[in-house]
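Engineer: Just dropping this structure here.
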Amino acid sequence: MDELLEILRSLHPDVDFAESDRLVDDKILDSFDIVTIVAEIYDVFGVAVPAEEIVPANFNSAEALYALVERLEDE
Amino acid sequence: MQQTNVLEYLEQTVGRVPDKTAFADDTEAMTFAQVYRDSRAIGSALARRGLEREPVVVFMPKHPRTVTAFFGCVYGGSHYVPIDEEMPRFRIELILENLRARMMICHSESDRQLARDFGFDGEIALYEQLAAEPEDEALLAQIRDRQLDTDPIYVVFTSGSTGIPKGVAACHRSVIDYIENLSQVLGFDENTRFANQTPLYFDACLKELYPTLKFGATTYLVPKQLFMFPVKLVEYLNEHRINTICWVVSALTTISALRTFEKVKPQYLHTVAFGSEVFPIRQFDLWRQALPQARFINLYGPTEATGMCCYYEVDRPFALDEVMPIGRPFHNTEILLLGQDDKPVAPGQVGEICVRGTSLTLGYYRDFARTGEAFVQNPLNDRYPELIYRTGDLARRNERGELVFVSRKDHQIKHMGHRIELGEIEVNVDLLEPIRASCCIYDKQKGKIILYYEGDMTAAELVSALKQRLPRYMLPNLVLPLERMPLTANGKLDRTALQRMYEDGKE
């Protein structure tokens, strides 16, 4: 989880990612961030996020994103 | 008679296909008849207020009514100036200061309140309110009679290295020249179904708005959020049977890089135009494989030359390390490649792209000094006055005679399709009291803006402060504090050293 938070914080140092669960709804993330996050998740965790998993529910919070990474790691 | 007004596009189309959808988004679809009715009512309302040849601010979200408000301004003999709630307050205030407009059109009561908070002291009217005023046919006819094709129709603001945005004003004539030539190259017709991606507050949206009027085509305004979720985006294109897109490269590469085509492909797309950035060939190949039948056209052009002025239709495969050409100018535009001596460069040599022709805009709004620096007498012509626009972009001609973009002369970058002066970011950082020095560099490969700074502020505090001043697309993607900024021998910030430092840190 810490590694994931680090990825997110480097994109938006002013956002409290541990707390927020409206990253998409509140327009904190944009398309540049999504592409960067997916690329960094691949670099750090070695998992490729398939296109159909790139949906608001998976990116609204660090927690949801981490759950996605764990799920993809298990597959 | 020769066309001298962009509204003639609408007037010729509305009789033919009044009930066809012209502009639509998720919430509303407006037919040509509705666009015609509302824009004439708004034009009459503006004309009654005596706003001919004056700027009218359109402070509205991306919506079919916003487009209609633009045409309303033109009916009133005014020029529309789109601003958007995505712009930070500080920037909007700078723009309003430059314009000294007396009139603003808003979408909602809350936007009206917001506009008051910006310190705007002119009249602020709601769209609904103006559209409900009666049309005055005689008044509109008088305005039309006085309108010249050299009168401005819009002002859009672009990044300025001094921190003050520059308002580029364009007239009927250059827009008509652009729309005619673009339409011919891209082959638009009445069956064209556009999905608009670019914000309405830049000239990029000309590509959809005016051809829609000209041909009686249809434009869908795609919600911005969809560009984050590529599968949904492609499903949207299919649902609305979109066959033509003119998008910035980064919107296209987001789709291909996230491997969307493994899941879903656009079914109706036959024309894909793109521009504002270099298309990485690896990503382009994914598009070509997904849509083997489609036409792909690379467009190039500065806002100052009305939208786009060069095109290249992809006619051959490219190696991964090749750069796709920007091709050749549109009909009625010439590109000069000038060397440092202001003479045309020898074949194959790099020179500055200078634009000659009707496509030149009028210049920067209320800024004769900066206009005079970029719009200059053609140095190859010592016989009569003739302006060219110096883009600051460097290019060369390849062995096929095609233009190929090489780099910038200065610190302007293209980031996510937006034109940004790194200097503008630095000026705004330096304005923060705890900051002693700052410098931005651009990681072209990753498409990241990196800000180095020296001062008593955390990166988080700095970003929060910057958000008040800069639009989101100008915010640095990586903010790094330094004990001491590297300086050159004569005491200037050493950009090259920072670049090296950054490259070393990446490994």
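Chain lettering (A, B, ...) mirrors the order of the structure tokens, residue numbering begins at 1 for each chain separately, and ligand numbering begins at 1 in order of display.
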Compile a residue-level contact table for chain B against chain A at a cut-off of 7 Å, reporting for every qualifying residue the shortest atom pair and its distance in Å to one decimal, with only C-alpha atoms counted, rows ordered by chain and ascending number, as a Markdown table.
Structural biologist:
```
| residue | atom | partner | partner_atom | distance |
| --- | --- | --- | --- | --- |
| B:Phe227 | CA | A:Ser31 | CA | 6.1 |
| B:Met228 | CA | A:Ser31 | CA | 4.3 |
| B:Phe229 | CA | A:Val55 | CA | 5.8 |
| B:Val231 | CA | A:Glu52 | CA | 6.2 |
| B:Thr254 | CA | A:Val35 | CA | 6.6 |
| B:Leu258 | CA | A:Ala51 | CA | 5.7 |
| B:Arg259 | CA | A:Ala51 | CA | 5.8 |
| B:Thr260 | CA | A:Ala51 | CA | 5.1 |
| B:Lys263 | CA | A:Ala51 | CA | 7.0 |
| B:Ala459 | CA | A:Pro13 | CA | 6.3 |
| B:Ala460 | CA | A:Asp14 | CA | 4.1 |
| B:Glu461 | CA | A:Asp14 | CA | 6.6 |
| B:Val463 | CA | A:Asp14 | CA | 6.3 |
| B:Ser464 | CA | A:Asp14 | CA | 6.1 |
| B:Asn477 | CA | A:Leu11 | CA | 5.7 |
| B:Leu478 | CA | A:Ser10 | CA | 6.3 |
```
Engineer: So which residues touch Tyr389 in chain B within 10 Å, counting only C-alpha atoms, skipping near sequence neighbours fewer than 5 positions away, as a compact mmCIF listing (two decimals) with C-alpha atoms, in the first residue's frame?
Structural biologist:
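Result file result_11.txt:
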```txt
# COMPACT_ATOMS: atom_id res chain seq x y z
CA PRO B 302 -0.44 27.61 -34.27
CA GLU B 304 -2.07 32.57 -34.39
CA ALA B 305 -2.65 31.13 -37.87
CA ILE B 335 5.10 28.05 -45.07
CA LEU B 336 8.49 29.74 -45.19
CA ILE B 353 8.25 27.91 -39.57
CA CYS B 354 6.77 31.21 -40.72
CA VAL B 355 3.20 31.37 -41.99
CA ARG B 356 2.04 33.54 -44.86
CA GLY B 357 -1.54 33.94 -46.03
CA SER B 359 -4.90 32.20 -42.31
CA LEU B 360 -3.05 34.72 -40.16
CA THR B 361 -5.17 35.92 -37.27
CA GLY B 363 -2.88 39.35 -33.59
CA THR B 371 1.83 41.29 -31.73
CA GLY B 372 4.62 43.25 -33.37
CA GLU B 373 7.22 40.75 -32.22
CA ALA B 374 5.51 37.72 -33.76
CA PHE B 375 3.55 39.17 -36.70
CA VAL B 376 6.26 40.81 -38.76
CA GLN B 377 6.92 42.11 -42.25
CA ASN B 378 7.88 39.26 -44.55
```
Engineer: As a PyMOL selection string, which residues of range 1-55 of chain A does DSSP assign to helix (DSSP H, G or I)?
Structural biologist: chain A and resi 2-11+31-45+51-53
Engineer: Can I get the selected residues back with C-alpha atoms, as a PDB file, in the first residue's frame?
Structural biologist:
```
ATOM      1  CA  ASP A   2       2.840   2.396   0.846  1.00  0.00           C
ATOM      2  CA  GLU A   3       4.318   1.942  -2.602  1.00  0.00           C
ATOM      3  CA  LEU A   4       0.991   2.781  -4.163  1.00  0.00           C
ATOM      4  CA  LEU A   5       0.547   5.854  -1.980  1.00  0.00           C
ATOM      5  CA  GLU A   6       3.974   6.992  -3.042  1.00  0.00           C
ATOM      6  CA  ILE A   7       2.995   6.750  -6.706  1.00  0.00           C
ATOM      7  CA  LEU A   8      -0.117   8.805  -6.046  1.00  0.00           C
ATOM      8  CA  ARG A   9       1.638  11.394  -3.880  1.00  0.00           C
ATOM      9  CA  SER A  10       4.279  12.058  -6.477  1.00  0.00           C
ATOM     10  CA  LEU A  11       1.448  13.026  -8.840  1.00  0.00           C
ATOM     11  CA  SER A  31      -6.446  11.232 -17.823  1.00  0.00           C
ATOM     12  CA  PHE A  32      -2.735  12.002 -17.550  1.00  0.00           C
ATOM     13  CA  ASP A  33      -2.784  10.624 -13.988  1.00  0.00           C
ATOM     14  CA  ILE A  34      -4.604   7.453 -15.045  1.00  0.00           C
ATOM     15  CA  VAL A  35      -2.033   6.681 -17.733  1.00  0.00           C
ATOM     16  CA  THR A  36       0.824   7.408 -15.315  1.00  0.00           C
ATOM     17  CA  ILE A  37      -0.685   5.319 -12.513  1.00  0.00           C
ATOM     18  CA  VAL A  38      -1.249   2.347 -14.798  1.00  0.00           C
ATOM     19  CA  ALA A  39       2.344   2.593 -16.084  1.00  0.00           C
ATOM     20  CA  GLU A  40       3.786   2.885 -12.570  1.00  0.00           C
ATOM     21  CA  ILE A  41       1.697   0.001 -11.266  1.00  0.00           C
ATOM     22  CA  TYR A  42       3.224  -2.073 -14.026  1.00  0.00           C
ATOM     23  CA  ASP A  43       6.749  -0.920 -13.107  1.00  0.00           C
ATOM     24  CA  VAL A  44       6.359  -1.384  -9.356  1.00  0.00           C
ATOM     25  CA  PHE A  45       3.998  -4.349  -9.002  1.00  0.00           C
ATOM     26  CA  ALA A  51      -8.563  -1.688 -20.088  1.00  0.00           C
ATOM     27  CA  GLU A  52     -11.886  -2.973 -18.756  1.00  0.00           C
ATOM     28  CA  GLU A  53     -10.663  -2.455 -15.184  1.00  0.00           C
TER      29      GLU A  53
END
```
Engineer: If you run DSSP on the backbone, which residues of range 311-428 of chain B are strand (DSSP E), as a PyMOL selection string?
Structural biologist: chain B and resi 311-313+328-329+333-338+351-357+363-364+375-377+387-397+403-408+412-415+418-421
Engineer: At what distance in Å, to one decimal, does CA of Phe261 in chain B lie from CA of Leu286 in chain B?
Structural biologist: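 Distance between the two atoms: 8.1 Å.
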Engineer: Find, counting only C-alpha atoms, the residue in B:Met485, B:Val17, B:Ile450, B:Val406 that gets nearest to Glu503 in chain B.
Structural biologist: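 Result for the nearest residue to Glu503 in chain B: B:Ile450.
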Engineer: Please indicate the distance in Å from CA of Glu109 in chain B to CA of Glu86 in chain B, rounded to one decimal place.
Structural biologist: 17.2 Å
Engineer: Just the residues within 8 Å of Ile297 in chain B, please, counting only C-alpha atoms, with nothing from its chain fewer than 4 positions along; format it as a ChimeraX atom specification.
Structural biologist: /B:186,271-274,311-314
Engineer: Counting only C-alpha atoms, what is within 8 Å of Val69 in chain A, bar same-chain residues fewer than 2 positions away, as a PyMOL selection string?
Structural biologist: chain A and resi 41+45+47+49+65-67+71-73
Engineer: Write the residues you've just listed into a file as a PDB file, in the first residue's frame, and include C-alpha atoms for each of them.
Structural biologist:
```pdb
ATOM      1  CA  ILE A  41       1.697   0.001 -11.266  1.00  0.00           C
ATOM      2  CA  PHE A  45       3.998  -4.349  -9.002  1.00  0.00           C
ATOM      3  CA  VAL A  47       0.852  -6.236 -13.123  1.00  0.00           C
ATOM      4  CA  VAL A  49      -4.187  -3.280 -15.591  1.00  0.00           C
ATOM      5  CA  LEU A  65      -6.865   0.829  -6.442  1.00  0.00           C
ATOM      6  CA  TYR A  66      -4.846  -1.318  -4.066  1.00  0.00           C
ATOM      7  CA  ALA A  67      -7.594  -3.930  -4.001  1.00  0.00           C
ATOM      8  CA  ARG A  71      -6.723  -8.958  -7.306  1.00  0.00           C
ATOM      9  CA  LEU A  72      -4.641  -8.707 -10.484  1.00  0.00           C
ATOM     10  CA  GLU A  73      -1.592 -10.107  -8.679  1.00  0.00           C
TER      11      GLU A  73
END
```
Engineer: One number please: CA of Leu221 in chain B to CA of Ala195 in chain B, in Å, one decimal.
Structural biologist: 6.0 Å
Engineer: Tell me which of B:Asp25, B:Glu454, B:Asp504, B:Asp410 sits closest to Gly160 in chain B, counting only C-alpha atoms.
Structural biologist: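 Closest residue, counting only C-alpha atoms: B:Asp410.
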Engineer: Can you list, as a CSV table (one decimal) with N, CA and C atoms, in the first residue's frame, every protein, DNA or RNA residue that comes within 12 Å of Glu63 in chain A when you count only C-alpha atoms, leaving out same-chain residues fewer than 5 positions away?
Structural biologist:
```csv
chain,number,residue,atom,x,y,z
A,1,MET,N,0.8,-1.2,0.0
A,1,MET,CA,0.0,0.0,0.0
A,1,MET,C,0.9,1.3,0.0
A,2,ASP,N,2.0,1.2,0.8
A,2,ASP,CA,2.8,2.4,0.8
A,2,ASP,C,3.4,2.7,-0.5
A,4,LEU,N,2.1,2.2,-3.4
A,4,LEU,CA,1.0,2.8,-4.2
A,4,LEU,C,0.8,4.2,-3.8
A,5,LEU,N,0.7,4.5,-2.5
A,5,LEU,CA,0.5,5.9,-2.0
A,5,LEU,C,1.7,6.8,-2.5
A,8,LEU,N,0.9,7.8,-6.0
A,8,LEU,CA,-0.1,8.8,-6.0
A,8,LEU,C,0.4,10.2,-5.5
A,17,PHE,N,-4.2,11.1,0.1
A,17,PHE,CA,-4.7,9.9,-0.6
A,17,PHE,C,-5.2,8.8,0.3
A,18,ALA,N,-4.7,8.8,1.6
A,18,ALA,CA,-5.2,7.8,2.5
A,18,ALA,C,-6.7,8.1,2.9
A,19,GLU,N,-7.1,9.3,2.8
A,19,GLU,CA,-8.4,9.7,3.3
A,19,GLU,C,-9.5,9.7,2.1
A,20,SER,N,-9.0,10.3,1.0
A,20,SER,CA,-10.0,10.6,-0.1
A,20,SER,C,-10.6,9.4,-0.7
A,21,ASP,N,-11.9,9.3,-0.9
A,21,ASP,CA,-12.5,8.2,-1.7
A,21,ASP,C,-13.4,8.8,-2.8
A,22,ARG,N,-13.0,10.0,-3.3
A,22,ARG,CA,-13.7,10.6,-4.4
A,22,ARG,C,-12.7,11.2,-5.4
A,23,LEU,N,-11.7,10.4,-5.6
A,23,LEU,CA,-10.6,10.9,-6.5
A,23,LEU,C,-11.0,11.2,-7.9
A,57,ALA,N,-14.9,3.2,-10.4
A,57,ALA,CA,-14.9,2.5,-9.1
A,57,ALA,C,-13.5,2.1,-8.7
A,58,ASN,N,-12.7,1.7,-9.6
A,58,ASN,CA,-11.3,1.2,-9.2
A,58,ASN,C,-10.3,2.4,-9.0
A,68,LEU,N,-7.6,-3.6,-6.4
A,68,LEU,CA,-7.4,-4.0,-7.8
A,68,LEU,C,-6.1,-4.6,-8.1
A,69,VAL,N,-5.0,-4.0,-7.6
A,69,VAL,CA,-3.7,-4.5,-7.8
A,69,VAL,C,-3.6,-5.9,-7.2
A,70,GLU,N,-4.1,-6.0,-5.9
A,70,GLU,CA,-4.0,-7.3,-5.3
A,70,GLU,C,-4.8,-8.4,-6.0
```
